[in-house]
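Report on one structure; see the data block that follows.
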Amino acid sequence: MPVITNIYDLKRLHKRRTPKMFYDYCESGSWTEQTFRENVTDFDKIRLRQRIAVNMEGRSTATQMIGQDVAMPVALAPVGLTGMQRADGEIKAARAAEKFGVPFTLSTMSICSIEDVAENTEKPFWFQVYTLKDDDFMRRLLDRAKDANCSAIVITVDLQIMGQRHKDLKNGLSAPPKLTPKSIADMVTKVAWGLEMLGTKRRFFGNIVGHAKGVTDPSSLSSWTAEAFDPALDWDRIATLRRMWDGKVILKGILDVEDAKRAAEIGADAIVVSNHGGRQLDGALSSIRMLEQIVEAVGDKVEVHLDSGIRSGQDVLKAVAMGAKGTYIGRAFVHGLGAMGEAGVTKALEVIHKELDVSMALCGRRDIKEVDRDILLVPEDFAGRWA
């Protein structure tokens, strides 16, 4: 067993053990990947205030996200194709999250279906949906989520059209993936991955195939995905989708104060400050740069979460100190999954939790609910002066 001390240890193992096509899908952004990089590096610009002679006994990272008890203010973000990083990947990640005490969010574009995850877990999980054109499919999808006892839906609002990701195009990564001699040759070298994939029946998009109109097998999936997303999406459409679900609703993909205000107006229970992990509009500001002004604008009206760029417990601490009530990890848990399966997701959560707990204590706080901006040193121009 390798010694794992940080998320980047898991990332290196992930790269070695998973086919390049699927590793690159995880570890990539759109166009020049500027926003993808700055999501991470902008956290480095924020410093922590070390405090001493403070009683550090009885520490707690426990809190709530949308009224749900969590072991720390972290949820597993929705990530498509997780079941190709490791066989039955969504099930393994959901189990790890459940045992650790944090929310798991299943993507609509998952390999394992809603029913697969529900049958293999005991606690409710969250379900992510896109803004699709087909209302009948959307209603049936939400009915399935309700039957699976999902406790919240996460509506992704920043994917009307897809940003170009160069690595995916070069690797033939699509829905379904296009296999080439080069990608097949690479897969053959990942023996353990291949044996696990041969041993599972779940290799296609379980929420789509057999459920969406005209999609009866993987070969008919490509045309559906090309036409399913709704480029005409507007706030009225988002409000309609919100009314389709009578439980908690989180809107993911907010990166502007005006959009945050509209999200609060339509009755979202939480919003996620997110640029889709740098996979949509390249050149957009990082999520952490935008967080504080969005919290100032709507934090008293709607719960504000943050996604994109979290790679450590210190990142979680900084986001919470700047006003986030919760954070989401995507790549961090996928690195763990690709490296070591369910045990790797657990390890990723353990790493982040330890970093969060120790850093919080060294900043003079014993309870995550007591963390505020006073523990930070933030550059005066961090949010930027833009004409």
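Labeling convention for the structure tokens: chains A, B, ... as they appear, residues from 1 per chain, ligands from 1 in order of appearance.
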
Can you tell me which residues surround Leu317 of chain A at a distance of at most 7 Å, considering only C-alpha atoms, apart from same-chain residues fewer than 3 positions away, and format the answer as JSON, numbers by chain? {"A": [313, 314, 320, 321, 356, 360]}

Quick one: write out the picked residues with all heavy atoms as a short mmCIF file (atom, residue, chain, number, x, y, z; two decimals), in the first residue's frame?
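Just written: part_3.cif:
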```cif
data_model
loop_
_atom_site.label_atom_id
_atom_site.label_comp_id
_atom_site.auth_asym_id
_atom_site.auth_seq_id
_atom_site.Cartn_x
_atom_site.Cartn_y
_atom_site.Cartn_z
N GLY A 313 -7.84 20.24 2.28
CA GLY A 313 -8.63 20.74 3.40
C GLY A 313 -8.41 22.21 3.64
O GLY A 313 -9.32 22.92 4.11
N GLN A 314 -7.24 22.72 3.32
CA GLN A 314 -7.00 24.16 3.46
C GLN A 314 -7.86 24.94 2.48
O GLN A 314 -8.36 26.02 2.80
CB GLN A 314 -5.53 24.47 3.24
CG GLN A 314 -4.63 24.05 4.41
CD GLN A 314 -3.30 24.76 4.41
OE1 GLN A 314 -2.87 25.30 3.39
NE2 GLN A 314 -2.63 24.75 5.55
N VAL A 320 -14.82 28.28 3.30
CA VAL A 320 -15.76 28.47 4.41
C VAL A 320 -15.52 29.82 5.08
O VAL A 320 -16.46 30.54 5.42
CB VAL A 320 -15.64 27.30 5.41
CG1 VAL A 320 -16.42 27.59 6.69
CG2 VAL A 320 -16.11 26.00 4.78
N ALA A 321 -14.26 30.18 5.25
CA ALA A 321 -13.93 31.46 5.89
C ALA A 321 -14.42 32.64 5.05
O ALA A 321 -14.72 33.71 5.59
CB ALA A 321 -12.43 31.56 6.11
N LEU A 356 -8.17 19.88 6.87
CA LEU A 356 -9.15 20.86 7.36
C LEU A 356 -9.08 20.97 8.88
O LEU A 356 -9.01 22.08 9.43
CB LEU A 356 -10.56 20.44 6.91
CG LEU A 356 -11.72 21.24 7.49
CD1 LEU A 356 -11.65 22.70 7.09
CD2 LEU A 356 -13.05 20.62 7.03
N MET A 360 -7.58 24.29 10.68
CA MET A 360 -8.55 25.04 11.48
C MET A 360 -8.03 25.27 12.89
O MET A 360 -8.10 26.40 13.42
CB MET A 360 -9.88 24.28 11.51
CG MET A 360 -10.97 24.95 12.33
SD MET A 360 -12.53 24.01 12.33
CE MET A 360 -12.06 22.60 13.37
#
```

How close does each residue of segment 118-172 of chain A get to segment 20-33 of chain A, giving the shortest atom pair and distance in Å to one decimal for every residue with an atom at most 7 Å away, counting only C-alpha atoms, sorted by chain and residue number, as a tab-separated table?
```
residue	atom	partner	partner_atom	distance
A:Gly163	CA	A:Ser30	CA	5.8
A:Gln164	CA	A:Ser30	CA	5.2
A:Arg165	CA	A:Ser30	CA	4.3
A:His166	CA	A:Trp31	CA	6.4
A:Lys167	CA	A:Asp24	CA	6.5
A:Asp168	CA	A:Tyr25	CA	6.2
A:Asn171	CA	A:Met21	CA	5.5
```

Put those residues in a file: N, CA and C atoms, as a JSON list (two decimals), in the first residue's frame.
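Result saved to out_4.json:
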```
[["chain", "number", "residue", "atom", "x", "y", "z"],
["A", 163, "GLY", "N", -18.41, 23.68, -23.74],
["A", 163, "GLY", "CA", -17.11, 24.25, -24.04],
["A", 163, "GLY", "C", -16.21, 23.20, -24.68],
["A", 164, "GLN", "N", -15.32, 23.64, -25.56],
["A", 164, "GLN", "CA", -14.45, 22.68, -26.24],
["A", 164, "GLN", "C", -13.28, 22.28, -25.35],
["A", 165, "ARG", "N", -13.13, 20.97, -25.17],
["A", 165, "ARG", "CA", -12.04, 20.43, -24.37],
["A", 165, "ARG", "C", -11.13, 19.65, -25.32],
["A", 166, "HIS", "N", -9.98, 20.22, -25.60],
["A", 166, "HIS", "CA", -9.11, 19.69, -26.65],
["A", 166, "HIS", "C", -8.71, 18.24, -26.40],
["A", 167, "LYS", "N", -8.41, 17.90, -25.15],
["A", 167, "LYS", "CA", -7.96, 16.54, -24.86],
["A", 167, "LYS", "C", -9.05, 15.52, -25.19],
["A", 168, "ASP", "N", -10.29, 15.86, -24.86],
["A", 168, "ASP", "CA", -11.39, 14.93, -25.14],
["A", 168, "ASP", "C", -11.54, 14.70, -26.65],
["A", 171, "ASN", "N", -8.73, 12.48, -27.83],
["A", 171, "ASN", "CA", -8.83, 11.11, -27.32],
["A", 171, "ASN", "C", -10.07, 10.38, -27.82]]
```

Give one line per residue of segment 14-107 of chain A that approaches segment 285-302 of chain A to at most 9 Å, naming the two atoms of the closest pair and their distance in Å to one decimal, counting only C-alpha atoms; sort by chain then ascending residue number and deliver it as a Markdown table.
```
| residue | atom | partner | partner_atom | distance |
| --- | --- | --- | --- | --- |
| A:Thr35 | CA | A:Ser286 | CA | 6.1 |
| A:Phe36 | CA | A:Ser286 | CA | 8.0 |
| A:Arg37 | CA | A:Ser286 | CA | 8.8 |
| A:Glu38 | CA | A:Ser286 | CA | 5.9 |
| A:Asn39 | CA | A:Ser286 | CA | 4.7 |
| A:Val40 | CA | A:Ser286 | CA | 8.2 |
| A:Asp42 | CA | A:Ile288 | CA | 7.1 |
| A:Phe43 | CA | A:Ile288 | CA | 6.9 |
```

Write the residues of the selection above to a file with C-alpha atoms, as a short mmCIF file (atom, residue, chain, number, x, y, z; two decimals), in the first residue's frame.
```cif
data_model
loop_
_atom_site.label_atom_id
_atom_site.label_comp_id
_atom_site.auth_asym_id
_atom_site.auth_seq_id
_atom_site.Cartn_x
_atom_site.Cartn_y
_atom_site.Cartn_z
CA THR A 35 -9.63 29.00 -15.77
CA PHE A 36 -8.98 25.33 -14.99
CA ARG A 37 -5.53 26.27 -13.66
CA GLU A 38 -6.57 29.45 -11.83
CA ASN A 39 -9.33 27.62 -9.95
CA VAL A 40 -6.46 25.97 -8.09
CA ASP A 42 -6.01 31.42 -6.86
CA PHE A 43 -6.43 29.52 -3.60
#
```

Excluding Arg202 of chain A and residues on its chain fewer than 4 positions from it, collect all residues at most 7 Å away from it, counting only C-alpha atoms, and give them as a PyMOL selection string. chain A and resi 88+111-112

Since we have the selection now, will you write its residues out, keeping N, CA, C and O atoms, as a PDB file, in the first residue's frame?
```pdb
ATOM      1  N   ASP A  88     -18.083   0.226 -11.819  1.00  0.00           N
ATOM      2  CA  ASP A  88     -19.103   0.555 -10.812  1.00  0.00           C
ATOM      3  C   ASP A  88     -18.669   1.751  -9.976  1.00  0.00           C
ATOM      4  O   ASP A  88     -18.936   1.838  -8.774  1.00  0.00           O
ATOM      5  N   ILE A 111     -22.485   6.263 -15.334  1.00  0.00           N
ATOM      6  CA  ILE A 111     -22.522   4.913 -15.897  1.00  0.00           C
ATOM      7  C   ILE A 111     -23.510   4.061 -15.096  1.00  0.00           C
ATOM      8  O   ILE A 111     -24.378   3.399 -15.655  1.00  0.00           O
ATOM      9  N   CYS A 112     -23.384   4.074 -13.789  1.00  0.00           N
ATOM     10  CA  CYS A 112     -24.367   3.405 -12.927  1.00  0.00           C
ATOM     11  C   CYS A 112     -25.624   4.269 -12.851  1.00  0.00           C
ATOM     12  O   CYS A 112     -25.548   5.486 -12.766  1.00  0.00           O
TER      13      CYS A 112
END
```

Could you check which of A:Arg17, A:Arg12, A:Arg365, A:Arg243 is closest to Val191 of chain A, using only C-alpha atoms? A:Arg17

Mind pulling up the distance from atom CA of Leu10 of chain A to atom CA of Ile153 of chain A?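 Atom CA of Ile153 of chain A sits 28.9 Å away from atom CA of Leu10 of chain A.
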
For Gln280 of chain A, which of A:Lys369, A:Ala226, A:Leu306, A:Gln160 is the closest residue, counting only C-alpha atoms?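 Looking only at the distances to Gln280 of chain A, the closest residue turns out to be A:Gln160.
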